[in-house]
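To be precise, the following lines are data14.txt, and they hold compact mmCIF, C-alpha atoms.
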# COMPACT_ATOMS: atom_id res chain seq x y z
CA MET A 11 68.18 38.58 93.69
CA LYS A 12 68.99 42.23 93.20
CA MET A 13 69.75 43.08 89.60
CA LYS A 14 72.83 45.12 88.91
CA LYS A 15 71.85 48.59 87.74
CA GLU A 16 72.53 49.03 84.05
CA TYR A 17 74.06 52.48 83.91
CA TRP A 18 74.78 52.22 80.20
CA ARG A 19 71.12 51.74 79.32
CA TRP A 20 69.72 54.75 77.48
CA PRO A 21 65.96 55.24 77.22
CA GLU A 22 64.15 53.60 74.35
CA TYR A 23 61.05 55.52 73.33
CA ARG A 24 58.52 56.21 70.63
CA ARG A 25 56.77 59.43 69.72
CA THR A 26 53.95 60.60 67.50
CA VAL A 27 54.06 64.22 66.43
CA PRO A 28 51.13 65.89 68.23
CA ARG A 29 48.15 67.22 66.28
CA LYS A 30 49.13 65.49 63.12
CA ASP A 31 46.87 63.19 61.20
CA TRP A 32 47.68 60.81 58.43
CA ALA A 33 44.11 60.09 57.32
CA GLY A 34 43.99 62.57 54.44
CA ALA A 35 47.61 62.06 53.48
CA GLU A 36 48.75 61.57 49.90
CA VAL A 37 51.63 59.30 50.66
CA VAL A 38 53.08 57.66 53.74
CA THR A 39 56.70 56.48 53.62
CA ALA A 40 59.17 55.20 56.17
CA GLY A 41 62.87 55.04 56.85
CA VAL A 42 64.35 52.30 59.00
CA ASP A 43 67.85 52.85 60.28
CA VAL A 44 69.28 49.68 61.79
CA GLY A 45 72.50 50.73 63.48
CA ALA A 46 75.07 48.66 65.29
CA VAL A 47 73.71 49.73 68.67
CA SER A 48 70.28 51.33 68.08
CA SER A 49 67.46 50.82 65.60
CA LYS A 50 65.24 53.67 64.49
CA ALA A 51 62.00 53.55 62.51
CA VAL A 52 60.66 56.84 61.17
CA ILE A 53 57.28 57.35 59.53
CA MET A 54 56.89 60.32 57.20
CA VAL A 55 53.53 61.64 56.06
CA ASP A 56 53.74 63.65 52.82
CA GLY A 57 57.40 64.28 53.53
CA ASP A 58 56.87 65.45 57.11
CA LEU A 59 57.79 63.64 60.30
CA TYR A 60 54.83 61.81 61.79
CA ALA A 61 56.07 59.17 64.21
CA TYR A 62 59.28 57.43 65.22
CA SER A 63 60.75 54.89 67.57
CA ILE A 64 64.25 54.42 68.93
CA MET A 65 65.30 51.14 70.49
CA ARG A 66 68.27 48.95 71.07
CA THR A 67 69.39 46.72 68.19
CA GLY A 68 69.11 43.06 69.13
CA SER A 69 71.21 40.18 67.92
CA SER A 70 69.20 39.94 64.70
CA SER A 71 68.89 42.88 62.30
CA PRO A 72 65.58 41.73 60.72
CA ASP A 73 64.00 41.31 64.18
CA SER A 74 65.24 44.71 65.28
CA ALA A 75 63.84 46.32 62.13
CA ASN A 76 60.45 44.65 62.66
CA LYS A 77 60.28 45.60 66.31
CA ALA A 78 61.26 49.22 65.71
CA MET A 79 58.71 49.53 62.90
CA ASN A 80 55.89 47.96 64.91
CA TRP A 81 56.64 50.23 67.81
CA ALA A 82 56.63 53.34 65.60
CA LEU A 83 53.24 52.24 64.24
CA GLU A 84 51.83 51.62 67.73
CA GLY A 85 48.83 53.78 68.58
CA THR A 86 48.78 55.52 65.20
CA GLY A 87 46.08 53.26 63.75
CA MET A 88 48.39 52.83 60.80
CA LYS A 89 49.45 49.44 59.48
CA LEU A 90 52.60 48.46 57.66
CA GLU A 91 50.50 48.07 54.47
CA ASP A 92 49.59 51.75 54.64
CA ILE A 93 53.21 52.65 54.07
CA ARG A 94 53.89 52.99 50.36
CA TYR A 95 57.63 52.80 50.31
CA VAL A 96 60.28 51.89 52.89
CA VAL A 97 64.00 52.62 52.67
CA GLY A 98 66.41 50.76 54.91
CA THR A 99 69.65 52.37 56.02
CA GLY A 100 72.45 51.95 58.54
CA TYR A 101 74.71 49.05 59.27
CA GLY A 102 71.89 46.50 58.95
CA ARG A 103 70.17 48.17 55.99
CA VAL A 104 70.18 45.10 53.75
CA ASN A 105 68.45 43.15 56.52
CA VAL A 106 65.24 45.16 56.73
CA PRO A 107 62.68 42.56 55.60
CA PHE A 108 59.97 44.99 54.50
CA ALA A 109 62.21 47.58 52.83
CA ASN A 110 61.84 48.35 49.14
CA ARG A 111 65.38 49.54 48.96
CA ALA A 112 68.58 50.15 50.92
CA ILE A 113 70.58 53.39 50.87
CA THR A 114 73.86 54.05 52.68
CA GLU A 115 73.52 55.92 55.97
CA ILE A 116 75.90 58.70 54.91
CA THR A 117 73.49 59.83 52.19
CA CYS A 118 70.54 59.53 54.57
CA HIS A 119 72.19 61.40 57.43
CA ALA A 120 72.94 64.39 55.25
CA ARG A 121 69.36 64.47 53.96
CA GLY A 122 67.99 64.09 57.48
CA ALA A 123 70.22 66.83 58.90
CA ASN A 124 69.03 69.08 56.08
CA TYR A 125 65.44 68.37 57.16
CA ILE A 126 66.07 68.87 60.87
CA TRP A 127 68.27 71.97 60.78
CA GLY A 128 67.59 73.39 57.33
CA PRO A 129 69.61 74.18 54.20
CA THR A 130 72.39 76.07 55.99
CA VAL A 131 73.93 72.83 57.29
CA ARG A 132 77.28 72.11 55.62
CA THR A 133 79.16 69.89 58.03
CA ILE A 134 77.75 66.93 59.93
CA LEU A 135 79.45 64.86 62.56
CA ASP A 136 77.55 61.65 63.01
CA MET A 137 78.51 59.99 66.28
CA GLY A 138 76.91 56.61 66.18
CA GLY A 139 76.98 53.55 68.34
CA GLN A 140 79.96 51.92 66.76
CA ASP A 141 81.44 54.37 64.34
CA CYS A 142 81.78 58.01 63.66
CA LYS A 143 81.56 59.88 60.37
CA ALA A 144 82.35 63.35 59.14
CA ILE A 145 80.08 64.44 56.30
CA ARG A 146 80.02 67.55 54.14
CA CYS A 147 76.89 68.44 52.22
CA ASP A 148 75.38 71.17 50.07
CA GLU A 149 72.22 73.22 50.61
CA ARG A 150 70.05 70.40 49.33
CA GLY A 151 71.50 67.91 51.77
CA LYS A 152 73.49 66.16 49.07
CA VAL A 153 76.77 64.70 50.29
CA THR A 154 79.88 66.31 48.84
CA ALA A 155 82.52 64.54 50.92
CA PHE A 156 82.71 62.09 53.74
CA LEU A 157 85.06 60.18 55.93
CA MET A 158 84.37 57.15 58.08
CA ASN A 159 86.06 56.88 61.44
CA ASP A 160 89.46 55.38 61.71
CA LYS A 161 90.08 51.94 62.97
CA CYS A 162 87.84 51.17 65.90
CA ALA A 163 84.98 51.99 68.25
CA ALA A 164 87.02 54.75 69.90
CA GLY A 165 84.90 57.84 70.30
CA THR A 166 81.54 56.15 69.82
CA GLY A 167 78.36 55.50 71.74
CA ARG A 168 79.45 52.02 72.68
CA GLY A 169 82.64 53.41 74.23
CA MET A 170 80.54 55.86 76.22
CA GLU A 171 78.31 53.04 77.46
CA VAL A 172 81.32 51.13 78.74
CA ILE A 173 82.61 54.14 80.67
CA ALA A 174 79.16 54.95 82.11
CA ASP A 175 78.91 51.41 83.40
CA LEU A 176 82.43 51.37 84.77
CA LEU A 177 81.89 54.57 86.76
CA SER A 178 78.28 53.75 87.70
CA VAL A 179 77.01 56.99 86.21
CA PRO A 180 73.73 56.85 84.25
CA ILE A 181 74.69 57.46 80.63
CA GLU A 182 72.40 60.47 80.24
CA GLU A 183 74.21 62.21 83.10
CA VAL A 184 77.75 61.57 81.86
CA GLY A 185 77.95 64.77 79.79
CA ALA A 186 76.70 67.20 82.41
CA MET A 187 78.77 65.54 85.13
CA SER A 188 81.94 65.75 83.03
CA LEU A 189 81.47 69.52 82.83
CA LYS A 190 81.45 69.91 86.62
CA VAL A 191 85.24 70.03 86.78
CA GLU A 192 86.91 73.28 87.79
CA LYS A 193 89.91 72.68 85.61
CA GLU A 194 89.95 70.49 82.52
CA PRO A 195 92.21 67.47 83.21
CA GLU A 196 94.60 66.00 80.67
CA PRO A 197 92.67 63.78 78.27
CA VAL A 198 93.13 60.05 78.79
CA SER A 199 95.92 58.95 76.49
CA SER A 200 93.85 56.40 74.64
CA THR A 201 90.28 56.47 73.39
CA CYS A 202 90.49 52.75 72.75
CA VAL A 203 87.63 51.35 74.80
CA VAL A 204 89.76 48.59 76.26
CA PHE A 205 92.71 50.79 77.23
CA ALA A 206 90.54 53.72 78.31
CA LYS A 207 88.75 51.39 80.68
CA SER A 208 91.95 50.32 82.41
CA GLU A 209 93.22 53.90 82.39
CA ALA A 210 89.98 55.08 84.03
CA VAL A 211 90.32 52.43 86.70
CA GLY A 212 93.86 53.65 87.33
CA LEU A 213 92.71 57.26 87.70
CA LEU A 214 89.94 56.27 90.12
CA ARG A 215 92.48 54.42 92.21
CA LYS A 216 94.65 57.53 92.26
CA GLY A 217 91.69 59.23 93.91
CA TRP A 218 90.34 61.19 90.96
CA PRO A 219 86.66 62.07 91.41
CA LYS A 220 84.28 60.59 88.83
CA GLU A 221 83.69 63.90 87.09
CA MET A 222 87.41 64.33 86.49
CA VAL A 223 87.70 60.86 84.98
CA LEU A 224 84.68 61.53 82.78
CA ALA A 225 86.12 64.88 81.73
CA ALA A 226 89.40 63.23 80.77
CA PHE A 227 87.54 60.61 78.77
CA CYS A 228 85.15 63.02 77.03
CA SER A 229 88.00 65.30 76.14
CA ALA A 230 90.00 62.45 74.56
CA MET A 231 86.93 61.43 72.58
CA ALA A 232 86.33 65.00 71.38
CA ASN A 233 89.94 65.38 70.22
CA ARG A 234 89.63 62.15 68.37
CA VAL A 235 86.52 63.03 66.38
CA ALA A 236 87.76 66.55 65.70
CA GLU A 237 90.52 64.96 63.63
CA LEU A 238 87.90 63.51 61.31
CA LEU A 239 86.38 66.92 60.74
CA LYS A 240 89.75 68.34 59.76
CA ARG A 241 89.88 65.94 56.82
CA VAL A 242 86.59 67.02 55.23
CA SER A 243 87.34 70.68 56.10
CA MET A 244 84.93 72.47 58.37
CA GLU A 245 82.34 74.92 57.18
CA LYS A 246 79.35 76.21 59.13
CA ASP A 247 76.64 75.47 59.88
CA PHE A 248 77.87 72.53 61.86
CA VAL A 249 75.63 69.89 63.46
CA ILE A 250 76.08 66.66 65.39
CA THR A 251 73.80 63.67 64.83
CA GLY A 252 73.59 60.32 66.59
CA GLY A 253 73.16 59.51 70.24
CA ILE A 254 76.27 61.35 71.41
CA ALA A 255 74.77 64.63 70.21
CA LYS A 256 72.82 64.43 73.49
CA ASN A 257 76.00 64.34 75.55
CA VAL A 258 76.78 67.98 76.41
CA GLY A 259 80.21 67.01 77.71
CA ILE A 260 81.28 65.79 74.26
CA VAL A 261 79.47 68.48 72.26
CA LYS A 262 81.01 71.32 74.29
CA ARG A 263 84.49 69.87 73.96
CA VAL A 264 84.19 69.20 70.22
CA GLU A 265 83.07 72.83 69.80
CA ASP A 266 86.08 74.02 71.79
CA VAL A 267 88.52 71.96 69.74
CA ILE A 268 87.20 72.99 66.32
CA GLY A 269 86.33 76.54 67.37
CA LEU A 270 82.80 76.38 66.01
CA LYS A 271 79.44 76.00 67.74
CA ALA A 272 77.10 73.22 66.71
CA LEU A 273 73.49 74.20 66.01
CA PRO A 274 71.39 73.25 69.06
CA MET A 275 69.15 70.19 69.02
CA LYS A 276 65.60 70.74 67.75
CA GLU A 277 62.69 70.04 70.03
CA GLY A 278 60.92 66.85 69.01
CA LEU A 279 63.56 65.97 66.42
CA ASP A 280 65.89 63.55 68.15
CA PRO A 281 69.39 63.72 66.60
CA MET A 282 69.39 59.92 66.58
CA ILE A 283 66.71 59.80 63.88
CA ALA A 284 68.48 61.93 61.26
CA GLY A 285 69.35 58.85 59.20
CA GLY A 286 65.82 57.48 59.48
CA ILE A 287 64.30 60.80 58.42
CA GLY A 288 66.63 60.96 55.43
CA ALA A 289 65.69 57.40 54.48
CA GLY A 290 61.99 58.28 54.77
CA LEU A 291 62.48 61.29 52.49
CA PHE A 292 64.35 59.22 49.92
CA ALA A 293 61.50 56.70 50.14
CA MET A 294 59.12 59.50 49.19
CA ASP A 295 61.28 60.53 46.20
CA LEU A 296 61.62 56.93 45.05
CA TYR A 297 57.90 56.31 45.38
CA GLU A 298 57.08 59.41 43.36
CA ARG A 299 59.55 58.41 40.70
CA GLU A 300 58.18 54.89 40.42
CA ARG A 301 54.67 56.24 40.18
CA LYS A 302 55.67 58.50 37.31
CA VAL A 303 57.31 55.65 35.45
CA ALA A 304 54.33 53.33 35.97
CA MET B 30 76.87 70.85 40.52
CA THR B 31 78.58 69.36 43.48
CA CYS B 32 80.81 66.35 43.49
CA LEU B 33 81.07 63.56 46.01
CA ILE B 34 84.49 62.75 47.37
CA ILE B 35 84.87 59.72 49.60
CA HIS B 36 87.88 59.57 51.89
CA TYR B 37 89.17 56.26 53.17
CA GLY B 38 91.92 55.86 55.71
CA TYR B 39 92.96 57.39 58.99
CA GLU B 40 95.28 59.59 60.96
CA ASP B 41 97.14 58.03 63.85
CA ALA B 42 100.17 58.83 65.97
CA SER B 43 102.46 57.87 63.09
CA GLY B 44 100.94 60.16 60.46
CA GLU B 45 98.12 60.60 57.94
CA TYR B 46 97.13 57.95 55.43
CA PHE B 47 94.18 58.51 53.10
CA ILE B 48 92.91 57.44 49.72
CA SER B 49 90.31 59.79 48.26
CA VAL B 50 87.98 58.89 45.40
CA ASP B 51 86.16 61.56 43.44
CA THR B 52 83.03 59.66 42.47
CA ASP B 53 82.04 62.20 39.81
CA LYS B 54 85.29 61.67 37.94
CA CYS B 55 85.38 57.88 38.34
CA ASN B 56 84.03 56.26 35.18
CA SER B 57 83.75 52.70 36.56
CA CYS B 58 86.52 51.39 34.29
CA GLY B 59 88.00 49.29 37.10
CA ARG B 60 91.61 49.59 35.97
CA CYS B 61 92.76 50.70 39.41
CA VAL B 62 91.29 47.53 40.87
CA GLU B 63 93.17 45.36 38.37
CA VAL B 64 96.47 47.12 38.87
CA CYS B 65 96.50 47.17 42.71
CA PRO B 66 98.93 44.45 43.82
CA ARG B 67 97.35 44.12 47.27
CA GLY B 68 93.65 44.05 46.42
CA VAL B 69 93.06 47.26 48.36
CA LEU B 70 90.51 48.55 45.85
CA GLU B 71 87.20 47.23 44.61
CA MET B 72 84.26 48.56 42.62
CA ARG B 73 81.33 49.42 44.86
CA THR B 74 77.88 50.87 44.42
CA VAL B 75 77.23 54.16 46.16
CA THR B 76 74.01 56.13 46.10
CA ALA B 77 74.15 59.79 45.14
CA ASP B 78 70.97 61.71 44.38
CA LEU B 79 68.96 58.48 44.05
CA GLU B 80 71.27 57.20 41.33
CA ASP B 81 73.49 54.21 41.94
CA LEU B 82 77.05 54.75 40.83
CA LEU B 83 79.62 52.01 40.48
CA VAL B 84 82.86 53.53 41.67
CA ALA B 85 86.29 52.60 42.99
CA ALA B 86 86.36 52.08 46.75
CA VAL B 87 88.72 50.81 49.43
CA THR B 88 87.74 47.37 50.73
CA GLU B 89 86.64 46.99 54.35
CA GLU B 90 89.53 44.61 54.84
CA HIS B 91 92.11 47.26 53.99
CA ARG B 92 90.35 50.46 55.07
CA LYS B 93 91.83 50.39 58.54
CA LYS B 94 95.36 49.40 57.58
CA ILE B 95 96.23 51.21 54.36
CA LYS B 96 99.40 52.51 55.98
CA TYR B 97 100.72 48.97 55.59
CA SER B 98 98.72 47.79 52.58
CA CYS B 99 99.72 50.73 50.39
CA ALA B 100 103.28 51.29 51.63
CA PRO B 101 104.95 48.95 49.05
CA CYS B 102 103.67 51.15 46.18
CA ASN B 103 105.11 54.31 47.76
CA PRO B 104 102.00 56.51 47.61
CA GLU B 105 104.07 59.68 47.97
CA LYS B 106 105.13 59.19 44.33
CA LYS B 107 102.58 58.08 41.77
CA PRO B 108 101.30 54.64 42.79
CA PRO B 109 99.83 52.32 40.09
CA CYS B 110 96.18 53.08 40.98
CA VAL B 111 96.74 56.79 40.53
CA PHE B 112 98.91 56.25 37.46
CA VAL B 113 96.35 54.20 35.50
CA CYS B 114 93.40 56.45 36.30
CA GLU B 115 92.82 58.58 33.22
CA GLN B 116 90.06 60.45 35.02
CA ARG B 117 92.37 61.47 37.88
CA ALA B 118 89.70 60.29 40.27
CA ILE B 119 92.03 58.75 42.85
CA SER B 120 94.45 60.58 45.10
CA HIS B 121 96.54 59.61 48.10
CA THR B 122 97.39 61.70 51.14
CA TRP B 123 100.49 60.24 52.64
CA LYS B 124 102.15 62.08 55.49
CA PRO B 125 104.15 59.82 57.79
CA LYS B 126 105.53 61.77 60.74
CA GLY B 127 108.99 61.85 62.20
CA ARG B 128 111.14 61.57 59.14
As structure tokens, please, write out the structure in this file.
Amino acid sequence: MKMKKEYWRWPEYRRTVPRKDWAGAEVVTAGVDVGAVSSKAVIMVDGDLYAYSIMRTGSSSPDSANKAMNWALEGTGMKLEDIRYVVGTGYGRVNVPFANRAITEITCHARGANYIWGPTVRTILDMGGQDCKAIRCDERGKVTAFLMNDKCAAGTGRGMEVIADLLSVPIEEVGAMSLKVEKEPEPVSSTCVVFAKSEAVGLLRKGWPKEMVLAAFCSAMANRVAELLKRVSMEKDFVITGGIAKNVGIVKRVEDVIGLKALPMKEGLDPMIAGGIGAGLFAMDLYERERKVA
Amino acid sequence: MTCLIIHYGYEDASGEYFISVDTDKCNSCGRCVEVCPRGVLEMRTVTADLEDLLVAAVTEEHRKKIKYSCAPCNPEKKPPCVFVCEQRAISHTWKPKGR
């Protein structure tokens, strides 16, 4: 039997930072970000990124946390016992079996963005699998204001997956393909995943090429998330975290709507692991503090 | 010193509806929770700078429908939660369109 191609499926992967060794390290900590759609485990050595994994969240949060962690550890020669302190974050943060503590993802994302892009970051748009958040922070990566998305999964990674599948376009190509239009079409009237799906089907039937339908969808999604940013008031530097940061079709359109460019992605620092990095850094702080007290 | 403001609510085709909590001003007294007739508010722990703060928050149940939950109190005037807060930590943004 031929399996149906899963266009929504994004690549799961792990990575160890090249030429980095943990043998002489003072302290190894980890952040585990169990999101609604993806789970990320990040290992930090003396406060610097060492290894990470990104995979799909399964039906059980504890299982997903374990799997992500084991995968991040793979090939490093490190064992879970070598990690001094683990902070869980994300939607499933209280279900990370080996975590010493849980911290909300908002706090972790800001800290992680500060690590990835530096102290000039003031506004973060986190576009996750099932929600979207606008975060303002100061030069230390401390959150000063935030807003969760309104109402539903509109304008999220899950919504993008549904559209990729519907149009049979591999999800990593959606962004670039949506930019191939000569003229930007009207955005679809609803970003609601259910309605957008039927609207997209309608447009295809009208004879719209795929890239036009994708453009209409991406543009609706961008307008939607731009509203969130208005609430926390925009200030540069602006960055996008989460899986959708890799979708150029959304990023470009968000930039156009808000009139501000996002800082480009950093090589080797996947925007999906911002929350995990932040959690790993907090783990380091918490470990140091406990050691002082003891 | 920076403060942490958490916004709850949404903007939709009918207008803007937000409750904002300044977590630096909130002193965990919980009076807003007691006085809210709809149970929209609760006390919740948030982490800021490694410290856990117990502050007023909008419940998950009501977060996505405060347009309806809060309407009876008329948030454009001074609703009970705002009225009882001596710290002035709570504010509403209430801008229904088309009136």
Next item on the list: Please report as a list in words which residues of chain B come no farther than 9 Å from chain A, using all atoms listed in the file.
Entry: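 Selected residues: Thr31, Cys32, Leu33, Ile34, Ile35, His36, Tyr37, Gly38, Tyr39, Glu40, Asp41, Asp51, Val75, Thr76, Ala77, Asp78, Leu79, Arg92, Lys93 and Lys94 of chain B.
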Would you save the residues from that selection as a CSV table (one decimal), keeping the file's coordinate frame, using C-alpha atoms?
chain,number,residue,atom,x,y,z
B,31,THR,CA,78.6,69.4,43.5
B,32,CYS,CA,80.8,66.4,43.5
B,33,LEU,CA,81.1,63.6,46.0
B,34,ILE,CA,84.5,62.8,47.4
B,35,ILE,CA,84.9,59.7,49.6
B,36,HIS,CA,87.9,59.6,51.9
B,37,TYR,CA,89.2,56.3,53.2
B,38,GLY,CA,91.9,55.9,55.7
B,39,TYR,CA,93.0,57.4,59.0
B,40,GLU,CA,95.3,59.6,61.0
B,41,ASP,CA,97.1,58.0,63.8
B,51,ASP,CA,86.2,61.6,43.4
B,75,VAL,CA,77.2,54.2,46.2
B,76,THR,CA,74.0,56.1,46.1
B,77,ALA,CA,74.2,59.8,45.1
B,78,ASP,CA,71.0,61.7,44.4
B,79,LEU,CA,69.0,58.5,44.0
B,92,ARG,CA,90.4,50.5,55.1
B,93,LYS,CA,91.8,50.4,58.5
B,94,LYS,CA,95.4,49.4,57.6
Output as JSON lines one row per residue of stretch 79-107 of chain B within 12 Å of stretch 60-68 of chain B: the closest atom pair and its distance in Å to one decimal place, counting all atoms listed in the file, sorted by chain and residue number ascending.
{"residue": "B:Val84", "atom": "CA", "partner": "B:Val62", "partner_atom": "CA", "distance": 10.4}
{"residue": "B:Ala85", "atom": "CA", "partner": "B:Val62", "partner_atom": "CA", "distance": 7.4}
{"residue": "B:Ala86", "atom": "CA", "partner": "B:Val62", "partner_atom": "CA", "distance": 8.9}
{"residue": "B:Val87", "atom": "CA", "partner": "B:Gly68", "partner_atom": "CA", "distance": 8.9}
{"residue": "B:Thr88", "atom": "CA", "partner": "B:Gly68", "partner_atom": "CA", "distance": 8.0}
{"residue": "B:Glu89", "atom": "CA", "partner": "B:Gly68", "partner_atom": "CA", "distance": 11.0}
{"residue": "B:Glu90", "atom": "CA", "partner": "B:Gly68", "partner_atom": "CA", "distance": 9.4}
{"residue": "B:His91", "atom": "CA", "partner": "B:Gly68", "partner_atom": "CA", "distance": 8.4}
{"residue": "B:Arg92", "atom": "CA", "partner": "B:Gly68", "partner_atom": "CA", "distance": 11.3}
{"residue": "B:Lys94", "atom": "CA", "partner": "B:Arg67", "partner_atom": "CA", "distance": 11.8}
{"residue": "B:Ile95", "atom": "CA", "partner": "B:Arg67", "partner_atom": "CA", "distance": 10.1}
{"residue": "B:Tyr97", "atom": "CA", "partner": "B:Arg67", "partner_atom": "CA", "distance": 10.2}
{"residue": "B:Ser98", "atom": "CA", "partner": "B:Arg67", "partner_atom": "CA", "distance": 6.6}
{"residue": "B:Cys99", "atom": "CA", "partner": "B:Arg67", "partner_atom": "CA", "distance": 7.7}
{"residue": "B:Ala100", "atom": "CA", "partner": "B:Arg67", "partner_atom": "CA", "distance": 10.3}
{"residue": "B:Pro101", "atom": "CA", "partner": "B:Pro66", "partner_atom": "CA", "distance": 9.2}
{"residue": "B:Cys102", "atom": "CA", "partner": "B:Pro66", "partner_atom": "CA", "distance": 8.5}
{"residue": "B:Pro104", "atom": "CA", "partner": "B:Cys65", "partner_atom": "CA", "distance": 11.9}
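Counting all atoms listed in the file and comparing A:Gly212, A:Gly285, A:Gly252, A:Gly45, the residue that lies closest to A:Ser71 is A:Gly45.
The shortest atom-to-atom distance to A:Gly169, with only C-alpha atoms taken into account, belongs to A:Val47 out of A:Ala289, A:Val47, A:Ala236, A:Val97.
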I'd like the neighbourhood of stretch 19-22 of chain A as a PDB file with C-alpha atoms, in the frame of the given file, where a residue qualifies if any of its atoms comes within 8 Å (using all atoms listed in the file), though same-chain residues fewer than 5 positions away should be ignored.
ATOM      1  CA  SER A  63      60.750  54.890  67.570  1.00  0.00           C
ATOM      2  CA  ILE A  64      64.250  54.420  68.930  1.00  0.00           C
ATOM      3  CA  MET A  65      65.300  51.140  70.490  1.00  0.00           C
ATOM      4  CA  ARG A  66      68.270  48.950  71.070  1.00  0.00           C
ATOM      5  CA  GLU A 171      78.310  53.040  77.460  1.00  0.00           C
ATOM      6  CA  PRO A 180      73.730  56.850  84.250  1.00  0.00           C
ATOM      7  CA  ILE A 181      74.690  57.460  80.630  1.00  0.00           C
ATOM      8  CA  GLU A 182      72.400  60.470  80.240  1.00  0.00           C
TER       9      GLU A 182
END
Notebook entry, point to check: In Å, how far is it from atom CA of A:Leu59 to atom CA of A:Gly167?
Noted result: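 Taking atom CA of A:Leu59 and atom CA of A:Gly167, their separation equals 24.9 Å.
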Note to self: Need to verify the contact set: B:Ser57, 12 Å, only C-alpha atoms, exclusion of same-chain residues closer than 6 positions in sequence. Can you return it as a list of chain:residue names?
What the structure shows: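 The neighbour list is B:Val50, B:Asp51, B:Glu71, B:Met72, B:Arg73, B:Thr74, B:Val75, B:Asp81, B:Leu82, B:Leu83, B:Val84, B:Ala85, B:Ala86, B:Cys114, B:Glu115, B:Gln116, B:Ala118.
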Store the residues of this selection in a file with C-alpha atoms, as an mmCIF file, in the frame of the given file.
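Below you can see selection25.cif, which holds the result:
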data_model
loop_
_atom_site.group_PDB
_atom_site.id
_atom_site.type_symbol
_atom_site.label_atom_id
_atom_site.label_comp_id
_atom_site.auth_asym_id
_atom_site.auth_seq_id
_atom_site.Cartn_x
_atom_site.Cartn_y
_atom_site.Cartn_z
ATOM 1 C CA VAL B 50 87.980 58.890 45.400
ATOM 2 C CA ASP B 51 86.160 61.560 43.440
ATOM 3 C CA GLU B 71 87.200 47.230 44.610
ATOM 4 C CA MET B 72 84.260 48.560 42.620
ATOM 5 C CA ARG B 73 81.330 49.420 44.860
ATOM 6 C CA THR B 74 77.880 50.870 44.420
ATOM 7 C CA VAL B 75 77.230 54.160 46.160
ATOM 8 C CA ASP B 81 73.490 54.210 41.940
ATOM 9 C CA LEU B 82 77.050 54.750 40.830
ATOM 10 C CA LEU B 83 79.620 52.010 40.480
ATOM 11 C CA VAL B 84 82.860 53.530 41.670
ATOM 12 C CA ALA B 85 86.290 52.600 42.990
ATOM 13 C CA ALA B 86 86.360 52.080 46.750
ATOM 14 C CA CYS B 114 93.400 56.450 36.300
ATOM 15 C CA GLU B 115 92.820 58.580 33.220
ATOM 16 C CA GLN B 116 90.060 60.450 35.020
ATOM 17 C CA ALA B 118 89.700 60.290 40.270
#
Would you list the contacts of A:Ile287 as a JSON list (two decimals) with C-alpha atoms, keeping the file's coordinate frame, taking every protein, DNA or RNA residue within 7 Å and counting only C-alpha atoms, but skipping same-chain residues closer than 2 positions in sequence?
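part_21.json was written with the following content:
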[["chain", "number", "residue", "atom", "x", "y", "z"],
["A", 41, "GLY", "CA", 62.87, 55.04, 56.85],
["A", 52, "VAL", "CA", 60.66, 56.84, 61.17],
["A", 122, "GLY", "CA", 67.99, 64.09, 57.48],
["A", 283, "ILE", "CA", 66.71, 59.80, 63.88],
["A", 284, "ALA", "CA", 68.48, 61.93, 61.26],
["A", 285, "GLY", "CA", 69.35, 58.85, 59.20],
["A", 289, "ALA", "CA", 65.69, 57.40, 54.48],
["A", 290, "GLY", "CA", 61.99, 58.28, 54.77],
["A", 291, "LEU", "CA", 62.48, 61.29, 52.49]]
Notebook entry, point to check: What's the 9 Å shell around stretch 128-134 of chain A, counting all atoms listed in the file, without same-chain residues fewer than 5 positions away, as number ranges by chain?
Noted result: A: 119-120, 123, 143-151, 239, 242-251, 273
Keeping only C-alpha atoms, take the residues you just selected and write them out as an mmCIF file, in the frame of the given file.
data_model
loop_
_atom_site.group_PDB
_atom_site.id
_atom_site.type_symbol
_atom_site.label_atom_id
_atom_site.label_comp_id
_atom_site.auth_asym_id
_atom_site.auth_seq_id
_atom_site.Cartn_x
_atom_site.Cartn_y
_atom_site.Cartn_z
ATOM 1 C CA HIS A 119 72.190 61.400 57.430
ATOM 2 C CA ALA A 120 72.940 64.390 55.250
ATOM 3 C CA ALA A 123 70.220 66.830 58.900
ATOM 4 C CA LYS A 143 81.560 59.880 60.370
ATOM 5 C CA ALA A 144 82.350 63.350 59.140
ATOM 6 C CA ILE A 145 80.080 64.440 56.300
ATOM 7 C CA ARG A 146 80.020 67.550 54.140
ATOM 8 C CA CYS A 147 76.890 68.440 52.220
ATOM 9 C CA ASP A 148 75.380 71.170 50.070
ATOM 10 C CA GLU A 149 72.220 73.220 50.610
ATOM 11 C CA ARG A 150 70.050 70.400 49.330
ATOM 12 C CA GLY A 151 71.500 67.910 51.770
ATOM 13 C CA LEU A 239 86.380 66.920 60.740
ATOM 14 C CA VAL A 242 86.590 67.020 55.230
ATOM 15 C CA SER A 243 87.340 70.680 56.100
ATOM 16 C CA MET A 244 84.930 72.470 58.370
ATOM 17 C CA GLU A 245 82.340 74.920 57.180
ATOM 18 C CA LYS A 246 79.350 76.210 59.130
ATOM 19 C CA ASP A 247 76.640 75.470 59.880
ATOM 20 C CA PHE A 248 77.870 72.530 61.860
ATOM 21 C CA VAL A 249 75.630 69.890 63.460
ATOM 22 C CA ILE A 250 76.080 66.660 65.390
ATOM 23 C CA THR A 251 73.800 63.670 64.830
ATOM 24 C CA LEU A 273 73.490 74.200 66.010
#
Check: Skipping near chain neighbours, those fewer than 4 positions away, what residues fall within 12 Å of A:Ala40 using all atoms listed in the file, listed as a PyMOL selection string?
Finding: chain A and resi 50-63+75+78-80+82-83+88-99+106+108-112+283+285-297
